[in-house]
Every structure is written in C-alpha cells, then in structure tokens.
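Structure file protein.cif (mmCIF, C-alpha atoms) is printed below.
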data_protein
#
loop_
_atom_site.label_atom_id
_atom_site.label_comp_id
_atom_site.auth_asym_id
_atom_site.auth_seq_id
_atom_site.Cartn_x
_atom_site.Cartn_y
_atom_site.Cartn_z
CA MET A 70 69.26 87.31 118.34
CA HIS A 71 69.74 91.03 118.02
CA ASP A 72 66.22 92.21 117.26
CA ASP A 73 66.93 95.72 118.55
CA LEU A 74 69.71 96.17 115.99
CA ALA A 75 67.57 94.74 113.20
CA SER A 76 64.83 97.26 114.06
CA ALA A 77 67.36 100.09 114.22
CA ILE A 78 68.79 99.23 110.81
CA ASP A 79 65.32 98.99 109.30
CA GLN A 80 64.44 102.39 110.73
CA ILE A 81 67.56 104.19 109.46
CA PHE A 82 67.90 102.38 106.15
CA PRO A 83 66.04 105.02 104.10
CA SER A 84 68.61 107.58 105.23
CA VAL A 85 71.43 105.10 104.51
CA ARG A 86 70.17 104.74 100.96
CA ALA A 87 69.80 108.51 100.64
CA GLY A 88 73.39 108.96 101.81
CA LEU A 89 74.60 106.43 99.26
CA GLU A 90 72.72 108.17 96.48
CA ARG A 91 74.16 111.52 97.53
CA LEU A 92 77.69 110.10 97.37
CA VAL A 93 77.12 108.45 93.98
CA ARG A 94 76.17 111.84 92.53
CA ILE A 95 79.65 113.13 93.35
CA PRO A 96 82.05 112.07 90.54
CA SER A 97 84.95 111.38 92.89
CA VAL A 98 87.30 109.90 90.26
CA SER A 99 90.81 109.93 91.70
CA ALA A 100 92.65 109.16 88.44
CA PRO A 101 95.28 111.79 87.54
CA ASP A 102 93.61 113.14 84.40
CA PHE A 103 90.37 114.01 86.22
CA ASP A 104 89.40 117.13 88.14
CA PRO A 105 90.44 116.59 91.79
CA ALA A 106 87.76 118.96 93.14
CA PRO A 107 84.97 116.33 93.26
CA VAL A 108 87.18 114.02 95.34
CA ARG A 109 87.51 116.78 97.94
CA THR A 110 83.77 117.42 97.74
CA SER A 111 83.24 113.71 98.35
CA ALA A 112 85.55 113.76 101.37
CA GLU A 113 83.62 116.67 102.84
CA ALA A 114 80.34 114.81 102.30
CA VAL A 115 81.78 111.73 104.00
CA ALA A 116 82.89 113.88 106.95
CA GLY A 117 79.29 115.05 107.34
CA LEU A 118 78.04 111.47 107.33
CA LEU A 119 80.55 110.42 110.00
CA GLU A 120 79.60 113.35 112.19
CA GLY A 121 75.95 112.39 111.76
CA ALA A 122 76.79 108.87 112.94
CA GLY A 123 78.15 110.26 116.19
CA LEU A 124 81.89 110.18 115.56
CA GLU A 125 84.11 112.73 117.24
CA GLY A 126 87.10 114.64 115.92
CA VAL A 127 86.01 114.14 112.32
CA ARG A 128 88.53 115.73 109.99
CA LEU A 129 90.21 115.44 106.63
CA LEU A 130 93.67 113.89 106.61
CA GLU A 131 95.96 115.63 104.16
CA VAL A 132 99.38 115.02 102.69
CA GLU A 133 100.95 117.06 99.91
CA GLY A 134 99.79 116.07 96.43
CA ALA A 135 97.25 113.52 97.69
CA HIS A 136 93.49 113.32 97.65
CA PRO A 137 92.12 113.72 101.20
CA ALA A 138 91.13 110.89 103.47
CA VAL A 139 88.55 111.27 106.25
CA PHE A 140 88.99 110.26 109.89
CA GLY A 141 86.75 110.11 112.96
CA GLU A 142 86.62 108.13 116.18
CA VAL A 143 84.73 107.15 119.31
CA ALA A 144 86.71 106.40 122.46
CA ALA A 145 86.61 102.84 123.77
CA PRO A 146 84.65 102.04 126.92
CA ALA A 147 86.86 100.94 129.79
CA GLY A 148 88.49 97.61 129.00
CA ALA A 149 86.98 97.35 125.53
CA PRO A 150 89.00 96.82 122.34
CA THR A 151 89.26 99.34 119.50
CA VAL A 152 88.14 98.58 115.95
CA LEU A 153 89.40 100.44 112.89
CA LEU A 154 86.87 100.58 110.04
CA TYR A 155 88.20 101.24 106.53
CA ALA A 156 86.54 102.06 103.22
CA HIS A 157 87.29 104.43 100.33
CA HIS A 158 85.30 107.23 98.75
CA ASP A 159 87.12 107.55 95.42
CA VAL A 160 85.88 105.72 92.33
CA GLN A 161 87.05 104.46 88.98
CA PRO A 162 86.47 106.53 85.81
CA PRO A 163 83.07 105.73 84.31
CA GLY A 164 84.35 104.96 80.80
CA ASP A 165 82.11 105.64 77.84
CA PRO A 166 78.70 106.87 79.10
CA ALA A 167 77.14 105.16 76.07
CA ASP A 168 77.97 101.79 77.66
CA TRP A 169 75.75 102.60 80.65
CA SER A 170 72.00 102.03 80.76
CA SER A 171 71.64 105.23 82.80
CA PRO A 172 74.05 108.12 83.55
CA PRO A 173 76.94 106.80 85.68
CA PHE A 174 76.69 109.52 88.32
CA GLU A 175 72.91 109.60 88.58
CA PRO A 176 71.76 106.81 90.95
CA VAL A 177 68.86 104.82 89.55
CA GLU A 178 67.08 101.82 91.10
CA ARG A 179 66.12 98.91 88.88
CA ASN A 180 64.84 95.59 90.23
CA GLY A 181 66.14 96.21 93.74
CA ARG A 182 69.61 97.31 92.63
CA LEU A 183 71.01 100.84 92.79
CA TYR A 184 73.02 101.68 89.67
CA GLY A 185 75.84 104.20 89.46
CA ARG A 186 79.62 104.46 89.58
CA GLY A 187 80.73 103.78 93.13
CA ALA A 188 77.31 102.50 94.20
CA SER A 189 79.01 99.28 95.26
CA ASP A 190 82.77 99.96 95.06
CA ASP A 191 83.10 101.33 97.63
CA LYS A 192 80.48 103.85 98.66
CA ALA A 193 78.24 100.98 99.75
CA GLY A 194 81.04 99.72 102.00
CA LEU A 195 81.39 103.20 103.42
CA MET A 196 77.66 103.38 104.17
CA VAL A 197 77.78 100.01 105.94
CA HIS A 198 80.15 101.60 108.47
CA VAL A 199 77.94 104.68 108.80
CA ALA A 200 74.82 102.56 109.32
CA ALA A 201 76.38 100.22 111.89
CA LEU A 202 77.73 103.14 113.92
CA THR A 203 74.41 104.96 113.75
CA ALA A 204 72.54 101.87 114.95
CA LEU A 205 74.92 101.50 117.91
CA ARG A 206 75.09 105.21 118.73
CA GLY A 207 74.82 105.88 122.44
CA ALA A 208 75.72 102.31 123.35
CA MET A 209 78.94 101.74 121.43
CA PRO A 210 80.43 98.49 122.79
CA VAL A 211 83.94 99.10 121.41
CA GLY A 212 86.21 101.95 120.57
CA VAL A 213 85.92 102.87 116.91
CA LYS A 214 88.21 104.61 114.48
CA VAL A 215 87.15 105.21 110.89
CA ILE A 216 89.47 105.93 107.97
CA ILE A 217 87.91 106.59 104.55
CA GLU A 218 90.62 106.74 101.89
CA GLY A 219 90.54 108.90 98.76
CA GLU A 220 93.12 107.12 96.60
CA GLU A 221 92.40 103.40 96.69
CA GLU A 222 91.42 103.27 93.02
CA ILE A 223 94.82 104.62 91.98
CA GLY A 224 96.77 102.18 94.09
CA SER A 225 96.94 104.23 97.32
CA LEU A 226 99.77 106.27 95.80
CA HIS A 227 100.49 108.26 98.95
CA MET A 228 99.88 105.43 101.40
CA ALA A 229 103.41 105.58 102.84
CA ASP A 230 103.09 109.33 103.44
CA PHE A 231 99.70 108.92 105.12
CA LEU A 232 100.98 106.17 107.40
CA ALA A 233 104.10 108.15 108.25
CA ARG A 234 102.03 111.16 109.29
CA TYR A 235 98.88 109.57 110.70
CA GLY A 236 99.71 105.91 111.30
CA ASP A 237 99.78 106.16 115.10
CA GLN A 238 96.21 107.50 115.05
CA LEU A 239 95.03 104.32 113.31
CA ALA A 240 96.23 101.83 115.95
CA ALA A 241 93.52 99.28 116.75
CA ASP A 242 92.97 95.74 117.99
CA THR A 243 90.84 94.80 114.98
CA ILE A 244 90.92 96.25 111.46
CA VAL A 245 87.83 95.83 109.27
CA ILE A 246 88.34 96.52 105.57
CA GLY A 247 84.91 97.13 104.07
CA ASP A 248 86.03 96.88 100.45
CA SER A 249 85.55 93.26 99.49
CA ALA A 250 82.61 91.26 98.15
CA ASN A 251 80.42 88.27 98.85
CA TRP A 252 80.79 84.96 97.07
CA ARG A 253 77.53 85.48 95.25
CA LEU A 254 74.18 87.21 95.76
CA GLY A 255 72.66 85.94 99.00
CA GLN A 256 75.83 84.17 100.20
CA PRO A 257 77.68 86.15 102.91
CA SER A 258 81.44 85.82 102.97
CA LEU A 259 84.62 86.88 104.70
CA THR A 260 87.65 87.42 102.48
CA THR A 261 90.76 85.74 103.85
CA SER A 262 93.24 86.42 101.04
CA LEU A 263 94.07 89.03 98.41
CA ARG A 264 96.51 88.90 95.54
CA GLY A 265 99.29 91.45 95.35
CA LEU A 266 100.15 93.58 92.34
CA ILE A 267 103.01 94.92 90.30
CA ASP A 268 102.93 96.82 87.04
CA CYS A 269 105.40 98.37 84.63
CA THR A 270 105.71 100.26 81.38
CA VAL A 271 107.60 98.52 78.58
CA GLU A 272 108.96 100.60 75.70
CA VAL A 273 110.38 99.10 72.51
CA ARG A 274 112.39 101.28 70.11
CA THR A 275 113.76 100.35 66.71
CA ALA A 276 114.82 103.68 65.17
CA ARG A 277 115.18 107.39 65.81
CA HIS A 278 112.20 108.15 63.58
CA GLY A 279 109.61 106.45 61.40
CA VAL A 280 110.52 105.44 57.84
CA HIS A 281 108.65 104.41 54.68
CA SER A 282 107.34 100.86 55.11
CA GLY A 283 107.77 100.06 51.42
CA MET A 284 111.33 101.33 51.07
CA PHE A 285 112.62 99.75 54.31
CA GLY A 286 110.12 97.03 55.24
CA GLY A 287 111.54 93.52 54.85
CA PRO A 288 114.98 93.75 56.39
CA LEU A 289 113.58 96.00 59.14
CA VAL A 290 110.57 95.40 61.40
CA ASP A 291 108.46 98.01 63.17
CA ALA A 292 108.47 98.49 66.96
CA LEU A 293 104.82 97.53 67.35
CA THR A 294 105.40 94.09 65.82
CA ILE A 295 108.35 93.53 68.14
CA LEU A 296 106.35 94.72 71.15
CA THR A 297 103.46 92.35 70.41
CA ARG A 298 105.84 89.43 69.98
CA LEU A 299 107.49 90.32 73.28
CA LEU A 300 104.18 90.53 75.10
CA ALA A 301 103.15 87.17 73.68
CA THR A 302 106.07 85.54 75.53
CA LEU A 303 104.41 86.32 78.87
CA HIS A 304 102.08 83.30 78.46
CA ASP A 305 102.57 79.80 77.13
CA ASN A 306 100.19 78.12 74.70
CA ARG A 307 97.89 77.14 77.58
CA GLY A 308 97.71 80.71 78.85
CA ARG A 309 99.90 80.11 81.89
CA PRO A 310 102.30 82.92 82.95
CA THR A 311 105.86 82.14 81.87
CA VAL A 312 107.75 84.55 84.13
CA GLU A 313 109.99 82.31 86.23
CA GLY A 314 109.84 82.46 90.01
CA LEU A 315 106.27 83.70 90.53
CA VAL A 316 104.50 81.98 93.42
CA SER A 317 101.56 79.73 92.50
CA ARG A 318 99.30 77.85 94.91
CA ASP A 319 95.99 75.99 95.08
CA ALA A 320 92.68 77.04 96.63
CA GLU A 321 89.50 75.26 97.67
CA PRO A 322 87.39 74.96 94.51
CA LEU A 323 84.07 75.65 96.26
CA ASP A 324 81.22 75.39 93.74
CA LEU A 325 82.25 77.84 91.02
CA THR A 326 81.53 76.54 87.53
CA GLU A 327 82.76 77.72 84.16
CA GLU A 328 79.19 78.56 83.19
CA GLU A 329 78.73 80.80 86.21
CA LEU A 330 82.08 82.51 85.70
CA ARG A 331 81.25 83.14 82.04
CA GLU A 332 77.98 84.76 83.08
CA GLN A 333 79.65 86.87 85.77
CA ALA A 334 82.35 88.15 83.42
CA GLY A 335 80.10 88.54 80.38
CA VAL A 336 82.66 86.96 78.05
CA THR A 337 82.04 86.09 74.43
CA ALA A 338 80.55 82.68 73.76
CA GLY A 339 83.58 81.05 72.17
CA LEU A 340 86.27 82.38 74.50
CA GLN A 341 88.28 79.56 76.05
CA PHE A 342 89.51 79.51 79.64
CA VAL A 343 93.28 79.39 80.14
CA GLY A 344 95.60 78.11 82.84
CA GLU A 345 95.20 75.02 84.97
CA GLY A 346 93.84 74.03 88.36
CA SER A 347 90.52 74.95 89.93
CA LEU A 348 88.93 78.24 88.90
CA THR A 349 89.30 79.60 92.41
CA SER A 350 93.01 78.69 92.35
CA ARG A 351 93.45 80.60 89.13
CA ILE A 352 91.61 83.66 90.47
CA TRP A 353 92.88 83.73 94.08
CA MET A 354 96.15 81.85 94.42
CA GLN A 355 97.91 81.96 91.05
CA PRO A 356 99.61 84.86 89.28
CA ALA A 357 97.83 86.53 86.37
CA ILE A 358 99.45 88.74 83.74
CA ALA A 359 97.47 91.30 81.76
CA VAL A 360 98.38 93.90 79.14
CA LEU A 361 96.45 96.95 80.30
CA ALA A 362 97.24 99.40 77.52
CA ILE A 363 99.36 99.99 74.41
CA ASP A 364 100.65 103.33 73.11
CA ALA A 365 100.86 103.18 69.31
CA PRO A 366 99.35 105.11 66.42
CA PRO A 367 95.54 104.75 66.39
CA VAL A 368 94.04 103.00 63.39
CA ALA A 369 92.43 106.21 62.16
CA GLU A 370 95.88 107.87 61.95
CA ALA A 371 97.83 104.94 60.52
CA ILE A 372 100.20 105.63 57.63
CA ASN A 373 102.56 103.39 55.65
CA GLN A 374 105.41 103.81 58.08
CA LEU A 375 107.56 101.51 60.19
CA VAL A 376 106.59 102.65 63.67
CA PRO A 377 109.82 103.46 65.56
CA VAL A 378 108.55 103.21 69.16
CA ALA A 379 105.70 101.48 70.98
CA ARG A 380 104.82 101.16 74.66
CA ALA A 381 102.64 98.91 76.79
CA LYS A 382 101.57 98.81 80.42
CA VAL A 383 101.77 95.33 81.92
CA SER A 384 100.16 94.25 85.18
CA VAL A 385 100.84 91.12 87.23
CA ARG A 386 98.59 89.94 90.05
CA LEU A 387 100.68 88.08 92.63
CA ALA A 388 99.62 85.08 94.70
CA PRO A 389 99.68 85.32 98.50
CA GLY A 390 103.20 84.55 99.64
CA ASP A 391 104.91 86.32 96.75
CA VAL A 392 107.15 89.37 97.17
CA PRO A 393 106.50 92.33 94.85
CA ALA A 394 110.12 93.49 94.57
CA ARG A 395 111.27 89.98 93.66
CA ALA A 396 108.44 89.58 91.17
CA MET A 397 109.27 92.93 89.54
CA ALA A 398 112.87 91.83 89.06
CA ALA A 399 111.71 88.54 87.55
CA LEU A 400 109.37 90.35 85.15
CA GLU A 401 112.12 92.68 83.97
CA ALA A 402 114.55 89.77 83.53
CA HIS A 403 112.01 87.88 81.44
CA LEU A 404 111.32 90.84 79.14
CA ARG A 405 115.02 91.59 78.62
CA ALA A 406 115.73 87.95 77.85
CA HIS A 407 112.95 87.73 75.26
CA ILE A 408 113.15 91.02 73.37
CA PRO A 409 113.38 89.94 69.72
CA TRP A 410 115.79 91.02 66.99
CA GLY A 411 117.95 93.32 69.07
CA ALA A 412 115.44 96.12 69.61
CA GLU A 413 116.02 98.54 72.47
CA LEU A 414 113.97 97.91 75.60
CA ARG A 415 113.19 100.41 78.31
CA PHE A 416 111.62 98.95 81.46
CA THR A 417 110.00 101.38 83.92
CA PRO A 418 108.76 99.86 87.19
CA GLY A 419 105.37 101.03 88.39
CA ALA A 420 103.14 100.21 91.35
CA GLN A 421 103.86 97.49 93.88
CA ALA A 422 101.37 96.15 96.42
CA GLU A 423 101.79 93.26 98.83
CA PRO A 424 99.41 90.27 98.82
CA PHE A 425 97.56 89.41 102.01
CA GLU A 426 96.47 86.23 103.73
CA LEU A 427 94.63 85.83 107.03
CA THR A 428 96.49 83.22 109.05
CA GLU A 429 95.12 83.69 112.57
CA LYS A 430 91.38 83.67 113.32
CA GLY A 431 90.34 85.06 116.66
CA ARG A 432 87.30 86.53 118.38
CA SER A 433 86.76 89.29 115.80
CA TYR A 434 86.68 86.72 113.01
CA GLU A 435 84.15 84.67 114.97
CA ALA A 436 82.08 87.78 115.72
CA PHE A 437 81.81 88.71 112.06
CA HIS A 438 80.94 85.16 111.07
CA ALA A 439 78.14 85.24 113.65
CA GLY A 440 76.93 88.65 112.49
CA LEU A 441 76.88 87.61 108.85
CA ALA A 442 75.07 84.37 109.64
CA GLU A 443 72.36 86.18 111.61
CA ALA A 444 71.88 88.93 109.04
CA TRP A 445 71.65 86.56 106.06
CA GLY A 446 70.04 83.62 107.81
CA ARG A 447 72.74 81.24 106.57
CA PRO A 448 76.38 80.53 107.50
CA ALA A 449 79.08 82.69 105.99
CA ILE A 450 81.94 81.15 104.03
CA ASP A 451 85.60 82.12 103.68
CA ILE A 452 86.76 83.14 100.22
CA GLY A 453 89.75 84.63 98.48
CA VAL A 454 89.64 87.61 96.15
CA GLY A 455 91.87 88.07 93.15
CA GLY A 456 92.06 91.83 93.51
CA THR A 457 94.41 93.97 95.55
CA ILE A 458 93.86 96.49 98.35
CA PRO A 459 97.28 98.04 99.00
CA LEU A 460 96.45 99.39 102.44
CA VAL A 461 95.57 95.94 103.85
CA ALA A 462 99.08 94.53 103.91
CA ALA A 463 100.49 97.89 104.99
CA LEU A 464 98.19 98.05 108.01
CA ALA A 465 98.85 94.39 108.83
CA GLN A 466 102.57 95.12 108.84
CA ARG A 467 102.18 98.33 110.85
CA PHE A 468 99.96 96.66 113.48
CA PRO A 469 101.00 92.98 113.50
CA ALA A 470 98.98 92.16 116.64
CA ALA A 471 95.71 93.38 115.12
CA SER A 472 93.15 91.06 113.55
CA VAL A 473 92.48 92.06 109.93
CA LEU A 474 89.10 91.21 108.41
CA LEU A 475 87.78 91.91 104.92
CA THR A 476 84.06 92.30 104.39
CA GLY A 477 81.82 93.65 101.65
CA VAL A 478 78.33 93.83 100.24
CA GLY A 479 79.08 93.67 96.54
CA GLU A 480 79.02 90.41 94.58
CA PRO A 481 79.78 89.26 91.02
CA LEU A 482 76.68 90.96 89.61
CA SER A 483 77.87 94.34 90.91
CA ARG A 484 80.18 94.92 87.91
CA TRP A 485 82.89 96.72 89.83
CA HIS A 486 85.03 98.90 87.52
CA GLY A 487 82.65 98.27 84.61
CA PRO A 488 79.59 99.93 83.08
CA ASP A 489 76.30 99.58 84.94
CA GLU A 490 77.99 99.09 88.31
CA SER A 491 75.28 98.43 90.89
CA GLN A 492 74.56 97.48 94.48
CA ASP A 493 71.79 95.13 95.59
CA LEU A 494 69.94 97.10 98.25
CA GLU A 495 68.88 94.09 100.30
CA GLU A 496 72.50 92.92 100.45
CA LEU A 497 73.41 96.41 101.64
CA ARG A 498 70.79 96.30 104.40
CA ARG A 499 71.98 92.89 105.56
CA GLY A 500 75.59 94.06 105.54
CA CYS A 501 74.72 97.02 107.77
CA LEU A 502 73.04 94.70 110.26
CA ALA A 503 75.87 92.16 110.18
CA GLU A 504 78.50 94.76 111.03
CA ALA A 505 76.43 96.24 113.86
CA ILE A 506 75.99 92.76 115.36
CA ALA A 507 79.68 91.95 114.94
CA LEU A 508 80.80 95.14 116.67
CA ARG A 509 78.53 94.38 119.59
CA LEU A 510 79.84 90.81 119.83
CA ILE A 511 83.44 91.99 119.72
CA GLY A 512 82.71 94.21 122.69
CA GLU A 513 80.94 91.42 124.60
CA ARG A 514 83.68 88.87 124.00
#
Mind turning this structure into structure tokens?
Amino acid sequence: MHDDLASAIDQIFPSVRAGLERLVRIPSVSAPDFDPAPVRTSAEAVAGLLEGAGLEGVRLLEVEGAHPAVFGEVAAPAGAPTVLLYAHHDVQPPGDPADWSSPPFEPVERNGRLYGRGASDDKAGLMVHVAALTALRGAMPVGVKVIIEGEEEIGSLHMADFLARYGDQLAADTIVIGDSANWRLGQPSLTTSLRGLIDCTVEVRTARHGVHSGMFGGPLVDALTILTRLLATLHDNRGRPTVEGLVSRDAEPLDLTEEELREQAGVTAGLQFVGEGSLTSRIWMQPAIAVLAIDAPPVAEAINQLVPVARAKVSVRLAPGDVPARAMAALEAHLRAHIPWGAELRFTPGAQAEPFELTEKGRSYEAFHAGLAEAWGRPAIDIGVGGTIPLVAALAQRFPAASVLLTGVGEPLSRWHGPDESQDLEELRRGCLAEAIALRLIGER
C-alpha cells in the first residue's frame, strides 16, 4: 500500500480543487469564431501550475496560427524510464447559457460534483497530472515530460506542425493520455481503443439563383430536398452505415444495458436504438455517421423560393483498424453515386484522425492497473471509447517503442461537450492518487 501518497494527495487536494476552479473560470474555447486571448491566458495559468508542481523548463510551445501548448519536464533518475503526460487545456463552446443550471464558466459544486465547462474535459485530467507530480515532488521515481495541448477540441489542427518542431522533445518510454473516462462512476478503467474520425462538407446546387416555388416547383426540386435525400442514403432502414468498405468489428459487451445508455445520453423516451451487435460494439468498434450541421435558410427567414444551394457537414467515426484516407475516398464515392436527379455536388474533405488500439501491454499498463485498483479499492477494467484523440495515434506512430495508456476521471454523468458538464470530486481525488502510485511503480519496475 502507498499510504504516504494517499496522505500527500489528501493534503494537497484543496489546492488541486482550487486550481481546477481557477482554470474553469478561464473560457479557453479554441473554436475559430471565439476570442483566442483566453486560450493563451489558460496556457499561462497552466504553466504556473506546472512550475508549482516542480517541473523545470516550463514554457509555451508555439507554432504560427496555433493556440499555445505548455511543456515542462523533470529529468529521469539514473536508469529510470521517462513518462510523457498529456492533457489539454482548451474546451468546447458552452452553447446556450440558458441550457446550464449555473453559468458555464463559474465553477459551482452540487452534490459532490464541480460544474462548469472544462471541469471534466479536460481540465480535471490536467489537474490529475499536477497533483501526482506534486505528491511525488522531491522523490520523482521516473523522468517526466508534460505536454498540455491547446487545440484538442478543434481536432489538433496544427498537430503536424507541433510534432515537426517539438516532437523530439516529447520522446518517452511511456505516454499517458489523461483525456479519457471511466466506465461508470466508481469503476476505474483504462481505455485500450479509440475510434478515428473523418469529416467533410457536402454542397448541393440546383441553380444559379433562387426562383419562385409556385412558378417553377413541380418539374424542379430545391437543393435542400435533394441534400436531405442524399444524406438519408448514408444509413439503411436499420440505421447501419451504408458507405461500402468501412471497417466494422465486435467488442466485449460488458454490462451496458439499453436503459443505462438511455439515461446516460438523456434521449427522448420513444427513440429507438439503431444498428446491430452489442452496444459496446456499436460505440467502440463500428463506424458511426452523423450529420453535424446544415447550411440552409433559417425557418424565420423562409420565403416561397426553390432554394438553389444547401450544405451539410458530415462526420464519420472510424473503427480501430480503418484508414482515414481510404474511408474519406469511400465516403466521397458513396455521395457522388447517390446524388439524386442530376444536381451538382461539391465534396470538400475536412479533418482526418487515425483510430488507436493498444496491442501490447507491458509494465506501465500493469502499473496503472495496480494504481487504479488501490485508489478505487476495486480492480480496473479495460474499455474502448468511441471518441477520437488525434494526438494519440500520432504519438504512437512517432514513438513506436513507447507504451501508450489512456486514463481519465470523467464518466458518463460528466456530460462532456454538453450543458452542465461536471466532474465528480471524489473520482478526481482517486485519479490523482492512482497516477501517483502508477508513476512510482513504473520507476520501481
């Protein structure tokens, strides 16, 4: 048992919570239409936290046009391995403040949970690193490098530029990505797979300009109708993706039920589930297609006109083992083959991110399992996650000999990317302890 680390975490936890609250108050939204200044303010605040945890050489990493990342390190003791700790300090837009029970950038505790945008995703993950390093300060058993990204929520747009400029500084024997989640509240987990991602913009055009819907409607159809019919071809009647060639696999079902998933997602009572296979297969190991947005006249501005152009953004989550470039080509081929009634189609490729799957489990994996089990008082389980973290596959490719582990302290009740995002504070405390124990075990083994 690691009673000294448990006592250290208990002693510093009030300051860990205070640091998290301070970060939540900074509206570090990285999306293009938002003021970039708060993201830089957030990076500077993170730098202060890393310096306070005893890291050396703390600095902002900059590339042109990108939000800053933050880096710091502690040299490895003789013969000890080096661990790279990752998290991100940028957050999603809050959406309509009216959907929140309290202001999104004012941290509020209710029933043991801290509410606020970024409280869980991923400022809690960031604070886990800070807490573990603080608890081990002065007796660090491994070398440590910390990279806190500022663009994860926009798909790590400048990831290639960052790796080209700073990649050699990130070399490590073990890479810990603190941006995942636990299976459920009270059940610690390690994430062993992530889906990949592609997206695109689809534009349908039927005419040079809009025309009177009464004078021309009948022989001619508007672009929005054609676009919706085209988008409907992306799924069959059972809701399964119809794009040919996408990889689809099975996963262990664990104990997830439809009732629990309905509660986690907050779906309407009569909404039916789609697809086939276990729920975990559909979330972790099968592709999923979603229409993220449509550009068309808003209802309040509608007139009796045949709309000449309409656009949609389409996203596809890719199963582990799929290849984004191949999937993008398959998506474009499907759309071009199914565009109805001879309308013009413009296909603009967007983001691409590789899926990830842990295939080799070594001493770092065992150390984190042991740390999680001790901190939670129950064994950890391995899970997949349906989301995407672009930097994971990139780091795995850059450092193929390194062990890559995904941890996190959020869970389905955390409402990542939604209103009333929150972090259970006891889960946060346990996560801090688990990482401190794991780092010590990595050094001992």
Coordinates of box centre and edge lengths for region 410-422 of chain A, 3 Å on every side, axis-aligned, as JSON:
{"center_x": 109.7, "center_y": 96.2, "center_z": 81.7, "size_x": 22.6, "size_y": 16.4, "size_z": 35.4}
Practice task
Enumerate, as a list of chain:residue names, the residues matched when the PyMOL selection byres ((chain A and resi 350) around 9) is run on the file above.
Solution key: A:Ser317, A:Arg318, A:Asp319, A:Ala320, A:Glu321, A:Pro322, A:Glu345, A:Gly346, A:Ser347, A:Leu348, A:Thr349, A:Arg351, A:Ile352, A:Trp353, A:Met354, A:Gln355
Exercise for the section: Taking the file above as input, evaluate the PyMOL selection byres ((chain A and resi 235) around 12) and report the hits as number ranges by chain. Expected result: A: 129-132, 138-140, 216, 227-234, 236-240, 464, 467
Practice task
Pull out every residue that the PyMOL selection byres ((chain A and resi 275-284) around 10) matches in the shown coordinates and put them as a PyMOL selection string.
Solution key: chain A and resi 273-274+285-293+295+372-379+410-414
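Every polymer residue reaching to within 6 Å of (87.8, 93.9, 103.3), counting all atoms listed in the file, appears in this list: Ile246, Gly247, Asp248, Ser249, Leu474, Leu475 and Thr476 of chain A.
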Exercise for the section: Would you mind listing what lies within 8 Å of region 251-259 of chain A as a list of chain:residue names, with all atoms listed in the file counted and same-chain residues fewer than 3 positions away left out? Expected result: A:His438, A:Leu441, A:Ala442, A:Trp445, A:Arg447, A:Pro448, A:Ala449, A:Ile450, A:Asp451, A:Ile452, A:Leu474, A:Leu475, A:Thr476, A:Gly477, A:Val478, A:Gly479, A:Glu480, A:Pro481, A:Leu482, A:Glu496
Proximity check region 166-278 of chain A to region 96-119 of chain A, 10 Å, nearest pairs one decimal Å, all atoms listed in the file, as a Markdown table:
| residue | atom | partner | partner_atom | distance |
| --- | --- | --- | --- | --- |
| A:Pro173 | CA | A:Pro96 | CA | 8.8 |
| A:Phe174 | CA | A:Pro96 | CA | 6.3 |
| A:Glu175 | CA | A:Pro96 | CA | 9.7 |
| A:Arg186 | CA | A:Pro96 | CA | 8.0 |
| A:Gly187 | CA | A:Ser97 | CA | 8.7 |
| A:Lys192 | CA | A:Val115 | CA | 9.6 |
| A:Leu195 | CA | A:Val115 | CA | 8.6 |
| A:Met196 | CA | A:Leu118 | CA | 8.7 |
| A:His198 | CA | A:Leu119 | CA | 9.0 |
| A:Val199 | CA | A:Leu119 | CA | 6.4 |
| A:Ala200 | CA | A:Leu118 | CA | 9.7 |
| A:Leu202 | CA | A:Leu119 | CA | 8.7 |
| A:Thr203 | CA | A:Leu119 | CA | 9.0 |
| A:Val215 | CA | A:Leu119 | CA | 8.5 |
| A:Ile217 | CA | A:Val115 | CA | 8.0 |
| A:Glu218 | CA | A:Ala112 | CA | 8.7 |
| A:Gly219 | CA | A:Val108 | CA | 7.0 |
| A:Glu220 | CA | A:Ser99 | CA | 6.1 |
| A:Glu221 | CA | A:Ser99 | CA | 8.4 |
| A:Glu222 | CA | A:Ser99 | CA | 6.8 |
| A:Ile223 | CA | A:Ala100 | CA | 6.2 |
| A:Gly224 | CA | A:Ala100 | CA | 9.9 |
Exercise for the section: Please provide the set of residues having any atom within 8 Å of Pro459 (chain A), restricted to only C-alpha atoms, with same-chain residues fewer than 4 positions apart removed, written as a list in words. Expected result: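 Surrounding residues, per the criterion: Glu221, Gly224, Ser225, Gly265, Ala422, Glu423 and Ala463 of chain A.
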Practice task
For Gln341 (chain A), list every protein, DNA or RNA residue within 12 Å, evaluated using all atoms listed in the file, and leave out those in the same chain fewer than 5 positions away; present the list as a list in words.
Solution key: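 In the requested format, the answer is Arg307, Gly308, Glu327, Glu328, Leu330, Arg331 and Val336 of chain A.
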Quick one: write out the picked residues with C-alpha atoms as a CSV table (one decimal), keeping the file's coordinate frame?
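What ended up in again35.csv:
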chain,number,residue,atom,x,y,z
A,307,ARG,CA,97.9,77.1,77.6
A,308,GLY,CA,97.7,80.7,78.8
A,327,GLU,CA,82.8,77.7,84.2
A,328,GLU,CA,79.2,78.6,83.2
A,330,LEU,CA,82.1,82.5,85.7
A,331,ARG,CA,81.2,83.1,82.0
A,336,VAL,CA,82.7,87.0,78.0
Exercise for the section: Pick out the residues sitting within 10 Å of Ala144 (chain A), and hand them over as a count of residues only; count all atoms listed in the file, and ignore anything fewer than 2 positions along from it in its own chain. Expected result: 13
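Atom to atom, CA of Ser170 (chain A) and CA of Gly185 (chain A) stand 9.8 Å apart.
Nearest-residue note for Lys430 (chain A): choosing from A:Phe416, A:Asp268, A:Ala396, A:Ala470, the minimum distance belongs to A:Ala470, counting all atoms listed in the file.
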Problem - Distance criterion (only C-alpha atoms): nearest to Pro162 (chain A) out of A:Ala394, A:His486, A:Arg514, A:Arg182 - result: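 Once distances to Pro162 (chain A) are computed over only C-alpha atoms, the minimum belongs to A:His486.
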